[in-house]
Every structure is written in structure tokens, then in C-alpha cells.
Amino acid sequence: MASTPGVLGRLRLFRKTPPETKTNQAEDTYYTASQFQLMWWKFRRHHLALIGTFLLFIFLIISLFAEFIAPYDPFTRDAEYLFGPPQRLHFFDETGAFHFPPFIYGIEFAMDPKTFLLTITEDTSIKIPLEFFVHGEPYRMLGFIQSDIHLFGVSDGFVHLFGTDKLGRDIFSRVMFATRISLSIGVIGLLIAFFLGIIIGGISGFFGGRVDNTIQRFIEFIRSIPTLPLWMALAASLPKEWPPLQVYFAITIIIGLLAWTHLARRVRSKLLSLREEDYVTAAKIAGSSDQRVIFRHMVPSFLSYIIVDLTISFPYMILGETALSFIGLGLRPPVISWGVMLQDAQNVRAIALYPWLFAPLAFVILAVLAFSFVGDGMRDASDPYSR
Amino acid sequence: MLRFLLERFGLMILMLAGLSVIVFITIELPPGDFADRQAYRMKSTGVRVTEEDIVRMRQQMGLDRPWPQRYITWIGNIVLYGNFGMSMSQHLPVTQVIGDRIGFTALLALTALAFTYLLAIPIGIFSAVRQYSIGDYFFTFLGYIGMATPSFLLALVLLYFSVMVLGNNVGGLFSPQYADAPWSLEKGLDLMNHLWIPAIVLALAGTAFEIRTMRATMLDEKNKLYVTAARARGMPENKLLMKYPVRVALNPIASTSGWNLTAIIAGAPLVAFVLALPDTGPIYLNSLLDQDIYLSGAMLLFYAALTILGTFLSDILLAVLDPRVRAGGQG
Amino acid sequence: MTQTPLLEIKDLHISFPLDEGTVQAVAGVNLTIYPGQVMGVVGESGCGKSVTAQSLLRIIPPPGRIDAGQILFRPSKLFKDTKGDGVVDLAAFKSNDETLRRIRGNEIAMIFQEPMNSFSPVHTIGNQLMEAILLHQKMTEKEARARGAELLRLVGISNADARMDNYPYQFSGGMRQRAMIAIALSCTPSLLVADEPTTALDVTIQAQILDLLRRLQQQFGMAIMFITHNLGVIAQIADHVAIMYLGQVVEQGPVREILRNPKHPYTMDLLRAVPRLGKTAGKRLVAIEGGIPSPFNRPTGCPFHPRCSKVIPGVCNTHIPQLVQLDETHSVRCVLYEPKVPQPNPEPTDVRTAPAVA
């Protein structure tokens, strides 16, 4: 329309189309945007969800590259530094001069003459600079990438950013590995819940009637069982002599087994309501096959809800695993998860004397928050046409 | 209404029966039984145990019969005589082991439930009325934290806070001087003084959830036509809010109270373990680890029964609150 | 007319600031209602008729706000002391003002389009009816209950005493609308605002409700502002009619006059779109070309010009038509009737750069 139209054309323009202005163009973009675009626009407005996404991204990086990010193997012991507090990174020395990379001070041991307790203090006379991409303990990342380069480390001795546990193992390194395990439990548990939910909910919603009724009563029944005590009972029934890896899978299944009910309900109610939707009827009348109706028309319209539900139930998986492992019924060493690490921090003494043992909890809370934020943002965005 | 109640009651009994089967299967799952463990324990202390001894132990305890038979005996004794069997690790009837502790667990659960609603309802109303205010953001943030913090951590933090700042020892449910004392007013007060930490801990997640429910329903209802209609007939704003959106928002709150109780009960053993409460939590944990099946079975059944009872009560509450639900029961 | 108006809306502007832009829902409405008059307000959906009605009671849903204009109302019972002549400007109140609250339901009552949603589902009909009575009248609960049952009988609900204890789900749509009318009449208001009260009902029920309203109007003598998109309904109930398009009253006058002798092209189009017994048989009904323009983007000049069959290029898209008084009661807002017709703009402004009408 940039070229000058003739008089006739101009008259036509007045008759048919409302004048175009900037807002009109913005609005056109709005009405022609794809569903995904609309969701993204809405999601973007949810600031917490963006923060959550960023956190999840970091968790993903940690899970994938734990060996590289962790300076040490989770079982390496620094025998001189038991229950050692976190070492602070210093950017400025006592003269106020700026250092990069930052450095840590050496450590000094002193025996309290009265209580005979060993106290650990910083020895400011020794400065140990932090180094990046250092050669350290060799590893095979995810089982196949062989290397010995770590993100950071020190050339002499150890650096413990989160301190050490009772055996002198580096908590920072252990948390990195635990992140991988804990999140993987959540993911596998979710997959189990996802398949059970889709299948059982699908059957319920697709057949309806008596089948639906029976399944719904069953779901109500399952939901009335208090989860944690049942998890505990199931977890306690795992044989003591099972290898840790087998226990890991068993725990994952236990946690996944009880989480599908919510999803099944969602799938069912969506299926039931979708059957009545005009566009589904329209597709049927137009001669689409059942398969096409289900996969082309029905699934996309509730997939977003399912993804949201999965995201929102992720925290429950993490919290469930953490709780089970915390009381010693869940994962067992040498498998390390956040909950396993927290077994060392079961009492008030730990919180009073060695608060750094709670470092994994910060990760638990951040992970749960991140998933909740993202879940909320996605829930708002999943209905892109509501304003 | 009566028919609705009967229906729900029947359903409750049915669910209890179903649950008892699940409970029994669950506690029977572990390979090896109590006799094996007992033998193992005796061996480790240097006692000679033969295969025959184990078989005899098994016979004595009735562990050699097939499980459906044992289930029938078990549930029959419970229903007919209130006999939950013997705790095999403590050589006492189960009822005696957990008897007085059950009261504490129930008291704790109810206190936590009360906390949940006393906090969630006013805060939810506030957040909805002052949507996007600083207070609303604050409570939303608190809600997220409440959801994300594992209960046992919060228990530890409160314990630490209480020991370090308030200077009193709040582990357990009684101060040492009252633990074995007979009941008195002072003992009751002492109990209250100890109860608030576990109650708050257990209430937190539910409170966070209910605040969100209350807020969302309120926001939804606030703009409904019937509220506008009441405003249009001259209802003052505050009265309007309390009579309509708040009242209607109570329905979902009531209907979730059963699940809330379930969640509280579910969290109770863990928190009891961390806080060393003399209730059922630590016993449950130990009975699971010991495979003391009659004890752990009775406990799991108790937890489950409490939640089913809670669901039943919340159904009744909902029926009282919502005429449509009452009518649904009749038709 | 020498009578004093009951309600005078003067140059009312209402807008809704949304994320996507500001919607000008009402853009300069002028409307006068006299005591005992039934004023029909007609327009397509989105023309601002409901928002105008809501503005009388100041119950415009957020984020809507009154930008300019006056809503002058003369209460009949209360506030004889107010500013000498007893006129209040409803537009000037804060939405939580106490005086305003005492006008709501008492002086001006309203019935809504959706009888299904206009009752709280968890309170009885009687409860909500008695609430309306007790809010504005000094009565005991017992008296209020008796009065409520009497009102229910009045609107044609049988077994009224027992019905007081029913919940809304036990009422049919028509009965709920009757109950709504009972609530509206409970304080004998001088103005009843009926916002599409029959739209959500079956046709037979519609007729019953209209009959009821007409009967009650004669009995109580109140004025009614009756909002609808249905000209047939207007012909049945109204004395006067105002035709609205995109937030403005484009034509206004006695109902017979407007139906027989429409002046505005939009009114003519509307009438041509109504099927009439005998007259339109065998002929095609004429639909109005195009749709209502996007609410974010009002046309320049006369808002109707993109769809108008009598559009004068160069005039209608630049010139905002003035209200022309054709006779004592009949007025129209169209350039065709302006005494001094503006000259067509020789080089019409490119509409894309033309300033938007605020």
C-alpha cells in the first residue's frame, strides 16, 4: 500500500478496511502469532519464571558436567581438614590490592586449651591463588569423555568452597555429583508417572462409563494414602543386601509409582471435555481418522497442560527422595544424593557446629523453587488465549 | 443429606478395608521375616541359632502360614477384639506400645490443621484484596519458600533458633521435669510450649498451598456477576467481601482439608524423628527398620485411617457449606 | 419537554486501559431519561451500552474508568437536602462513597443479562432478597422475610414462602430473572436499569419477562433504562430509544418515530436487518457490511464511516459529526443532517497518519 493508489483504489480502501495504524499492526501480529509464540510472550512476562529457567539451566549444566565443575572426586579425602569450614574466596588482600583470580588463605590449626577442641582458622600469611582449568584427578565424564581438567582448583593442597564433611571430603564436589543423582531421580520418576498417567488417564477418559468410574475410585483411594509413610514402608522393604544402584532404581520407581494419579486425572478430564469440543467434532465430520483426531487435534491441545503438571510435580519427587534418604530409608552410599548428604546433618549439633553441612539443602530449595516458578509461568502461559 | 452421609460413610468403610489389605501387603513385602532377623541378631551377639530354632520361632509367631490366612487373622483380631497383635521387638501388645502416643500424633495433626487454617484464610483474603501490594508479594514469596523447604530442615532451624535465641530446649514434647509427671495445668502449658514448633513445621506446606487456593478463588469470585449484583443493590464493600467471595472461597478450602490432613500426617513421622517427639513417628521408623510387622502395620493403618477419617469429615464440611453438594447426594 | 429529567448523562467518556492499548468504550454519550419513561438503548455488542449502564451505579469492571462527563441524577426519596435542587453527579463520586452506596439498589436498581450467574450459589434466594430489603429499609428480619415473599408473589413465583429457602440452582433461568426483578423492585427505585434482561432466556420466557416488566413499570411508575441488541424487544417495551454505535448515541427519539422514520444510516441498516412479518417475506434480509472495528483502533471522523453506505469520502473520515436536533425529541449524529455541510477535504488526509480520535 506504499505506492499511491488511484482515486478508485483509495475509495475502496475507505470502504473495506479500517485505517491501519501502528497499533493495528501490533494487533495483527498478535492475532496471527502461533500458539507457541503466544505462550512465549506470556511466559516472558513472568519474571520469576525466567529466573527459574535460568536456575534450571545451571542445574542442567551441573548435572551434565559434574566431573568437570567439581574440583575433586566425591570420595577424595582431605585427611587434614575434617569438618573443615568453607574457605572464603578473597579478591582483596590486607593491603586492599585487588586480585584476580581470587585467592584463599592457608589454614591454621589450634587446640583450644580448655575444651581440647580443634579450631581451624585462616592463616593470612599464606595466599593460595585459585586457578582455572587446572589439571587434577582424572575422570571419565558421563562415562566416556576422558580428561583431567577441572574448572578450577589450586596447585598446592585443596580448596573447599563449601567446607568438608566428617571424613574430609569436599562438600562442593559432592553436591555437584549429588545434583546429578537427585535430579535424575526426579526425571525418571516423572517419566514413570508420565506413562502411567497418560495410559491410565487415557483409558479412563477414552472409554468413560464404568471403566472410568472404577479407575476414578481407585485414584481417589490411592490419593487418600499418606505418601511419605507408605514410601517409607515400601523403601524399608527393599532388601538390605541389594547393591546401591538397584536401590536407586527401586526408590525411583517407588516415588514415580505414587505420583501418577494427578496426571491421570488431568488427562482424563481433558479427554472427556475435548470429546465435546466443536473442533474435534468438526475434524470427525471432515472425515479424519480416529488416530488423526487424537494426535493432530486432541493431544496438542492438552500437551501443554501435561507439561505444566509434570513441572509442578517435579518438586514433590525431589522432596520425597530427599526426605527418604535423609532418614536413611532411601538411597545408600556410595550413591550420593542431596538427601544422602543430609544424613550427616540430622541434629541440632550439626546446625550449631557445622552449618555448612546443610549446603545441599540450598540446592534442594533452589531446585524446588526453580521448578515451581517455571511451572507457574508455564501454567499461565499454557492458556495463551486467556488474558 | 442423610443419604449423602450414609453414602460417604459406606465409602469410608470400603476404603478402610481396601487400605488394610494394602497395608498388610506392604509390610509383608520385605524378603526374609522377623524370625530371620531375630536369628541374625542373636547370631551376631554370639548365640548359636540352628535352622530348627528359626522354624520354631516362625511357628510360634505364626509366620509360616500363607499371607491371606495371616491377613484374615490379623484384621479379624483388630475388628473383633481391637487386638493389633504383638510387637515382636518389644514383646508387648501393639496397642500398649503405641496407645498413649497415638493421642500425641492426633493432637499434633489437629493443632497443625488448626494453624493451617488460622493462618491461610486471613492471609489469603488479605492477598486477594490487596492484590499486587507489598504484603501480597511478601506472602507469595513466603508461600514459595514454605513449599520449597523440606519440613525436617524447618524443624531443625526452628529447633536451633529456639535453643540459641529463646534458650529453651524444645526437643520432645515435654521439659524433663514434666516428662513423667502426672497431668497438671503446668504440664499442659509445657506441652503447648513444645507443640508449636512441630505444629508450625507440619502446617507450613499446607498453609502455603491454602493461601494460594484462597487467593486464587477469591480473585476469581470477586469479579463474578453475583458479587457485582450485590454491590449494585448497595452492599457495603467490606460486608460484600465477607459475605460472598470469602464465603464461596471457603468451599475449595474445605474440600482440600482432607488432603491437607493427609499431607500433615505424611510429614509427621519425619518431623517427629528430627524433633525426637515421643509420638508415633520414631516408633514407626524403628518398626520399619526392624521389620516388626504388626507394629508397623498397625501404625501405617493408623496413619491411613486418620486420613480417611479426615476425608470423610471434609466431605461433610463441604456438604454443610455447599448446597449443591448436598443435593448431589440426594439425586 | 418541561418535565425535570430524572437522569441526564452528559458527554460521558469511559475507557479501559489494557496492556494491548486503551479501549474507548464510551466516547461522549448524551442521554436523558424522564421519570416513568422507558428508554431503550440499542446497539451491537461492544458498542458501550452495557458500560454506560454500569457507569450509573459505578460498577464498571476494572480497569475501566470514567474520563470525563457527568451523570446527573435526581434522587426521589433521599437527599432532598443535596445542593438545593437535589441533583447528584454520579460520575463524581468515589466508587466506595457512602451516598453512592445508598443510591444503589434503593434509587437505582439493576437487573443483569445472566440470571444464572447473578445469584450467589451458596446463599438462598430469600437471603439475597432480604439482604436488599434490609440494606435500605428499617425492618426486622421477620418483616423483611414477609416482604420478600410478597415480592416473589408479585413477580409471579408460586409457593413463594417455601421458595424463599431455595438455592439458586433450584430455580430455572426464567424464575431467577423473576427473583432478580423482585430484588430490584424491593426498594421501589425510581430508575431500573435492565441490562439485556431477556437475552439469555428462551423466547417464550422472554415474552413473559417483558410482560412482567411492563406490568410492574405501570404499577410502580419507575423509569427503565432497557438495554438490548434486539429492536423487536424495544418495540414492545420502550417509549424512547437511543441507538448506540462505538460508544456514542447516533440517533435518539420516540420509539415509533425511530422505527418508522429512521434518519441515521446505521439505524436504517439495523432496521433493514430485522425480519418483519409480511414485509420481508420472500426478500433477503440485508446485513450491515463489515464488522465492528477493533476496539483498540477507532476509525477517524464518524465512527461508522467504514461501514456506511452513504459515506462521503473526504468528509466522513475526517469530520466528527455533530448532534443535530431534528425536532423536539428526535436527534441524530450524522453529517447528512448538519445544516452547514463541511466541504470535502480536497486532499484527504492519509488515514494512516491522521490523528486518532481520543
# chains A, B, ... in the order shown; residues from 1 in each chain; ligands from 1
$ interface_residues --of "chain C" --to "chain B" --cutoff "10 Å" --atoms "only C-alpha atoms" --output "NGL selection string"
:C and (54 or 56-62 or 95-124 or 128-129 or 131-133 or 135-136 or 166-170 or 180 or 183-184 or 186-187)
$ residues_around --residues "Pro198 in chain B" --least-positions-apart "4" --cutoff "10 Å" --atoms "only C-alpha atoms" --output "list in words"
Leu108, Ala109, Thr111, Ala112, Ser151, Phe152, Leu154, Ala155, Leu158, Leu159, Val170, Gly171, Gly172, Leu173, His194, Leu202, Ala203, Leu204, Ala268, Val271, Ala272, Val274, Leu275 and Leu277 of chain B
$ write_last_selection --atoms "C-alpha atoms" --output "PDB file, in the first residue's frame"
ATOM      1  CA  LEU B 108      -0.252 -32.696  66.748  1.00  0.00           C
ATOM      2  CA  ALA B 109      -2.082 -33.239  63.466  1.00  0.00           C
ATOM      3  CA  THR B 111      -3.048 -28.460  66.006  1.00  0.00           C
ATOM      4  CA  ALA B 112      -1.206 -28.269  62.699  1.00  0.00           C
ATOM      5  CA  SER B 151       9.838 -29.922  56.717  1.00  0.00           C
ATOM      6  CA  PHE B 152      12.746 -31.541  58.504  1.00  0.00           C
ATOM      7  CA  LEU B 154      12.499 -26.152  59.031  1.00  0.00           C
ATOM      8  CA  ALA B 155      12.208 -28.313  62.146  1.00  0.00           C
ATOM      9  CA  LEU B 158      13.317 -23.710  64.474  1.00  0.00           C
ATOM     10  CA  LEU B 159      14.907 -26.027  66.984  1.00  0.00           C
ATOM     11  CA  VAL B 170      12.102 -27.713  72.656  1.00  0.00           C
ATOM     12  CA  GLY B 171      13.065 -31.163  71.521  1.00  0.00           C
ATOM     13  CA  GLY B 172      10.404 -33.625  72.552  1.00  0.00           C
ATOM     14  CA  LEU B 173       7.010 -32.610  73.792  1.00  0.00           C
ATOM     15  CA  HIS B 194       6.615 -27.580  72.913  1.00  0.00           C
ATOM     16  CA  LEU B 202       3.783 -29.526  59.739  1.00  0.00           C
ATOM     17  CA  ALA B 203       1.380 -26.736  58.874  1.00  0.00           C
ATOM     18  CA  LEU B 204       3.754 -24.794  56.659  1.00  0.00           C
ATOM     19  CA  ALA B 268       4.566 -36.205  60.814  1.00  0.00           C
ATOM     20  CA  VAL B 271       9.370 -34.245  61.818  1.00  0.00           C
ATOM     21  CA  ALA B 272       8.783 -36.339  64.912  1.00  0.00           C
ATOM     22  CA  VAL B 274      14.024 -34.911  63.825  1.00  0.00           C
ATOM     23  CA  LEU B 275      12.469 -33.303  66.890  1.00  0.00           C
ATOM     24  CA  LEU B 277       8.900 -36.287  69.750  1.00  0.00           C
TER      25      LEU B 277
END
$ residues_around --residues "Ala249 in chain B" --least-positions-apart "4" --cutoff "10 Å" --atoms "only C-alpha atoms" --output "PyMOL selection string"
chain B and resi 121+124-125+213-222+244-245+253-254
$ interface_residues --of "chain A" --to "chain B" --cutoff "7 Å" --atoms "only C-alpha atoms" --output "compact mmCIF listing (two decimals) with C-alpha atoms, in the first residue's frame"
# COMPACT_ATOMS: atom_id res chain seq x y z
CA PHE A 221 -8.23 -44.46 47.05
CA SER A 224 -6.00 -40.98 50.40
CA ILE A 225 -2.92 -42.93 51.43
CA PRO A 226 -0.42 -40.68 53.18
CA THR A 227 2.51 -40.72 50.77
CA LEU A 228 5.55 -40.47 52.96
CA PRO A 229 4.66 -43.24 55.43
CA ALA A 233 7.18 -48.70 54.27
CA LEU A 234 7.94 -49.57 50.66
CA ALA A 236 12.07 -50.19 54.11
CA SER A 237 11.01 -53.35 52.39
CA LEU A 238 13.91 -53.17 49.94
CA PRO A 239 16.38 -55.89 50.84
CA LEU A 319 11.47 -33.52 48.26
CA GLN A 346 20.24 -34.81 61.33
CA ASN A 347 20.54 -32.94 64.58
CA VAL A 348 20.83 -29.54 66.15
CA ILE A 365 15.34 -25.35 47.94
CA VAL A 368 12.16 -26.79 44.11
CA LEU A 369 11.74 -23.04 43.74
$ interface_residues --of "chain C" --to "chain A" --cutoff "9 Å" --atoms "only C-alpha atoms" --output "PyMOL selection string"
chain C and resi 20-21+289-290+293-294+296-300+305-309+311+313+317+351-353
$ write_last_selection --atoms "N, CA and C atoms" --output "short mmCIF file (atom, residue, chain, number, x, y, z; two decimals), in the first residue's frame"
data_model
loop_
_atom_site.label_atom_id
_atom_site.label_comp_id
_atom_site.auth_asym_id
_atom_site.auth_seq_id
_atom_site.Cartn_x
_atom_site.Cartn_y
_atom_site.Cartn_z
N GLU C 20 -2.75 -4.09 25.80
CA GLU C 20 -2.64 -4.02 24.34
C GLU C 20 -2.99 -2.64 23.82
N GLY C 21 -3.49 -1.78 24.67
CA GLY C 21 -3.88 -0.45 24.24
C GLY C 21 -5.11 -0.02 25.00
N GLU C 289 -22.76 -4.21 6.24
CA GLU C 289 -21.47 -4.64 5.72
C GLU C 289 -20.37 -4.49 6.77
N GLY C 290 -19.44 -5.41 6.78
CA GLY C 290 -18.28 -5.32 7.67
C GLY C 290 -18.63 -5.65 9.10
N PRO C 293 -15.27 -2.34 14.11
CA PRO C 293 -13.80 -2.23 14.07
C PRO C 293 -13.18 -2.63 15.39
N SER C 294 -11.88 -2.93 15.33
CA SER C 294 -11.18 -3.32 16.54
C SER C 294 -11.32 -2.25 17.61
N PHE C 296 -9.39 -1.33 19.82
CA PHE C 296 -8.18 -0.55 20.11
C PHE C 296 -7.99 0.57 19.11
N ASN C 297 -8.82 0.56 18.10
CA ASN C 297 -8.46 1.34 16.94
C ASN C 297 -9.72 1.95 16.35
N ARG C 298 -10.16 3.04 16.97
CA ARG C 298 -11.39 3.67 16.48
C ARG C 298 -11.13 4.34 15.15
N PRO C 299 -12.09 4.24 14.24
CA PRO C 299 -11.94 4.95 12.97
C PRO C 299 -11.90 6.46 13.22
N THR C 300 -11.24 7.19 12.34
CA THR C 300 -11.24 8.64 12.45
C THR C 300 -12.59 9.17 11.97
N HIS C 305 -18.19 5.41 9.54
CA HIS C 305 -17.95 5.61 8.11
C HIS C 305 -17.37 4.42 7.36
N PRO C 306 -16.53 3.54 7.98
CA PRO C 306 -16.02 2.43 7.16
C PRO C 306 -17.11 1.47 6.71
N ARG C 307 -18.26 1.47 7.40
CA ARG C 307 -19.31 0.51 7.05
C ARG C 307 -20.51 1.21 6.41
N CYS C 308 -20.47 2.52 6.34
CA CYS C 308 -21.66 3.28 5.97
C CYS C 308 -21.90 3.23 4.47
N SER C 309 -23.17 3.08 4.10
CA SER C 309 -23.50 3.02 2.66
C SER C 309 -23.59 4.42 2.06
N VAL C 311 -21.46 6.95 2.82
CA VAL C 311 -20.23 7.64 3.21
C VAL C 311 -19.85 8.68 2.17
N PRO C 313 -16.67 10.39 0.97
CA PRO C 313 -15.22 10.34 1.13
C PRO C 313 -14.66 11.76 1.31
N ASN C 317 -14.55 10.67 6.97
CA ASN C 317 -13.39 10.11 7.63
C ASN C 317 -12.55 11.16 8.34
N VAL C 351 -5.09 8.40 5.93
CA VAL C 351 -5.67 7.94 7.18
C VAL C 351 -4.64 7.35 8.12
N ARG C 352 -3.55 6.85 7.56
CA ARG C 352 -2.59 6.22 8.44
C ARG C 352 -1.89 7.22 9.35
N THR C 353 -1.84 8.50 8.86
CA THR C 353 -1.17 9.49 9.69
C THR C 353 -2.16 10.40 10.41
#
$ select_by_dssp --residues "range 134-267 of chain A" --states "alpha helix (DSSP H)" --output "ChimeraX atom specification"
/A:171-207,209-223,227-236,244-257,260-267
$ select_by_dssp --residues "range 73-164 of chain C" --states "strand (DSSP E)" --output "PDB file with N, CA, C and O atoms, in the first residue's frame"
ATOM      1  N   PHE C  73     -28.209  12.866  38.450  1.00  0.00           N
ATOM      2  CA  PHE C  73     -29.353  12.049  38.858  1.00  0.00           C
ATOM      3  C   PHE C  73     -30.127  12.773  39.948  1.00  0.00           C
ATOM      4  O   PHE C  73     -29.544  13.414  40.815  1.00  0.00           O
ATOM      5  N   VAL C  88     -27.556  14.944  42.076  1.00  0.00           N
ATOM      6  CA  VAL C  88     -26.198  14.493  42.381  1.00  0.00           C
ATOM      7  C   VAL C  88     -25.525  14.056  41.083  1.00  0.00           C
ATOM      8  O   VAL C  88     -26.180  13.583  40.154  1.00  0.00           O
ATOM      9  N   ASP C  89     -24.199  14.232  41.028  1.00  0.00           N
ATOM     10  CA  ASP C  89     -23.449  13.769  39.863  1.00  0.00           C
ATOM     11  C   ASP C  89     -22.828  12.424  40.202  1.00  0.00           C
ATOM     12  O   ASP C  89     -21.856  12.337  40.950  1.00  0.00           O
ATOM     13  N   ILE C 108     -31.602   3.541  42.333  1.00  0.00           N
ATOM     14  CA  ILE C 108     -31.378   2.939  41.018  1.00  0.00           C
ATOM     15  C   ILE C 108     -31.105   1.457  41.251  1.00  0.00           C
ATOM     16  O   ILE C 108     -30.205   1.102  42.005  1.00  0.00           O
ATOM     17  N   ALA C 109     -31.882   0.608  40.634  1.00  0.00           N
ATOM     18  CA  ALA C 109     -31.653  -0.829  40.775  1.00  0.00           C
ATOM     19  C   ALA C 109     -31.311  -1.394  39.407  1.00  0.00           C
ATOM     20  O   ALA C 109     -31.581  -0.769  38.380  1.00  0.00           O
ATOM     21  N   MET C 110     -30.731  -2.566  39.418  1.00  0.00           N
ATOM     22  CA  MET C 110     -30.262  -3.102  38.146  1.00  0.00           C
ATOM     23  C   MET C 110     -30.557  -4.588  38.047  1.00  0.00           C
ATOM     24  O   MET C 110     -30.449  -5.325  39.029  1.00  0.00           O
ATOM     25  N   ILE C 111     -30.936  -5.014  36.863  1.00  0.00           N
ATOM     26  CA  ILE C 111     -31.004  -6.453  36.599  1.00  0.00           C
ATOM     27  C   ILE C 111     -30.077  -6.784  35.446  1.00  0.00           C
ATOM     28  O   ILE C 111     -29.838  -5.961  34.567  1.00  0.00           O
TER      29      ILE C 111
END
$ residues_around --residues "Ile75 in chain B" --least-positions-apart "2" --cutoff "12 Å" --atoms "only C-alpha atoms" --output "list in words"
Leu16, Ala17, Gly18, Leu19, Ser20, Val21, Val23, Phe24, Trp67, Pro68, Gln69, Arg70, Tyr71, Ile72, Thr73, Asn77, Ile78, Val79, Leu80, Tyr81, Gly82, Asn83, Phe84, Gly85, Tyr294, Gly297, Ala298 and Leu301 of chain B
$ residues_around --residues "Ala27 in chain C" --least-positions-apart "5" --cutoff "6 Å" --atoms "only C-alpha atoms" --output "list of chain:residue names"
C:His13, C:Gly247, C:Gln248
$ write_last_selection --atoms "N, CA, C and O atoms" --output "PDB file, in the first residue's frame"
ATOM      1  N   HIS C  13     -17.439   9.912  28.951  1.00  0.00           N
ATOM      2  CA  HIS C  13     -16.321   9.184  28.334  1.00  0.00           C
ATOM      3  C   HIS C  13     -15.830   8.121  29.302  1.00  0.00           C
ATOM      4  O   HIS C  13     -15.490   8.429  30.434  1.00  0.00           O
ATOM      5  N   GLY C 247     -19.677   3.544  21.213  1.00  0.00           N
ATOM      6  CA  GLY C 247     -19.543   4.454  22.341  1.00  0.00           C
ATOM      7  C   GLY C 247     -20.222   5.790  22.182  1.00  0.00           C
ATOM      8  O   GLY C 247     -19.986   6.696  22.963  1.00  0.00           O
ATOM      9  N   GLN C 248     -21.059   5.930  21.156  1.00  0.00           N
ATOM     10  CA  GLN C 248     -21.784   7.182  21.012  1.00  0.00           C
ATOM     11  C   GLN C 248     -23.251   6.896  20.719  1.00  0.00           C
ATOM     12  O   GLN C 248     -23.567   5.871  20.112  1.00  0.00           O
TER      13      GLN C 248
END
$ closest_residue --among "B:Leu118, B:Leu313, B:Val55, B:Leu142" --to "Ala208 in chain B" --atoms "only C-alpha atoms"
B:Leu142
$ residues_around --residues "range 260-276 of chain C" --least-positions-apart "6" --cutoff "10 Å" --atoms "only C-alpha atoms" --output "compact mmCIF listing (two decimals) with C-alpha atoms, in the first residue's frame"
# COMPACT_ATOMS: atom_id res chain seq x y z
CA VAL C 42 -29.89 -0.44 21.30
CA GLY C 43 -26.61 -1.37 19.72
CA GLU C 44 -24.40 -4.20 18.59
CA HIS C 229 -29.45 -5.52 20.88
CA ASN C 230 -32.90 -6.61 19.83
CA LEU C 231 -35.04 -3.97 18.12
CA GLY C 232 -38.09 -6.20 18.36
CA ALA C 242 -31.31 5.57 21.76
CA ILE C 243 -29.22 3.88 19.09
CA MET C 244 -25.58 3.45 20.07
CA TYR C 245 -22.59 2.79 17.88
CA VAL C 250 -26.00 8.16 17.00
CA GLU C 251 -29.75 8.62 16.99
CA GLN C 252 -32.36 9.15 19.66
CA GLY C 253 -36.10 9.73 19.73
CA LYS C 283 -36.92 -10.90 0.37
CA ARG C 284 -33.37 -11.22 1.53
CA LEU C 285 -32.53 -9.62 4.83
CA VAL C 286 -29.78 -7.07 4.45
CA ALA C 287 -26.77 -7.48 6.68
CA ILE C 288 -24.69 -4.48 7.60
CA GLU C 289 -21.47 -4.64 5.72
CA PHE C 304 -19.50 4.40 11.35
CA HIS C 305 -17.95 5.61 8.11
CA ARG C 307 -19.31 0.51 7.05
CA CYS C 308 -21.66 3.28 5.97
CA SER C 309 -23.50 3.02 2.66
CA LYS C 310 -23.82 6.79 2.41
CA VAL C 311 -20.23 7.64 3.21
CA LEU C 326 -34.35 17.28 14.13
CA HIS C 330 -35.63 13.37 17.69
CA SER C 331 -31.89 13.92 17.33
CA VAL C 332 -29.26 12.36 15.10
CA ARG C 333 -25.49 12.44 14.81
CA CYS C 334 -24.70 12.37 11.11
CA VAL C 335 -23.15 14.83 8.72
CA LEU C 336 -26.05 14.35 6.27
CA TYR C 337 -28.29 16.36 8.57
$ residues_around --residues "Phe226 in chain C" --least-positions-apart "4" --cutoff "6 Å" --atoms "only C-alpha atoms" --output "PyMOL selection string"
chain C and resi 39-41+194
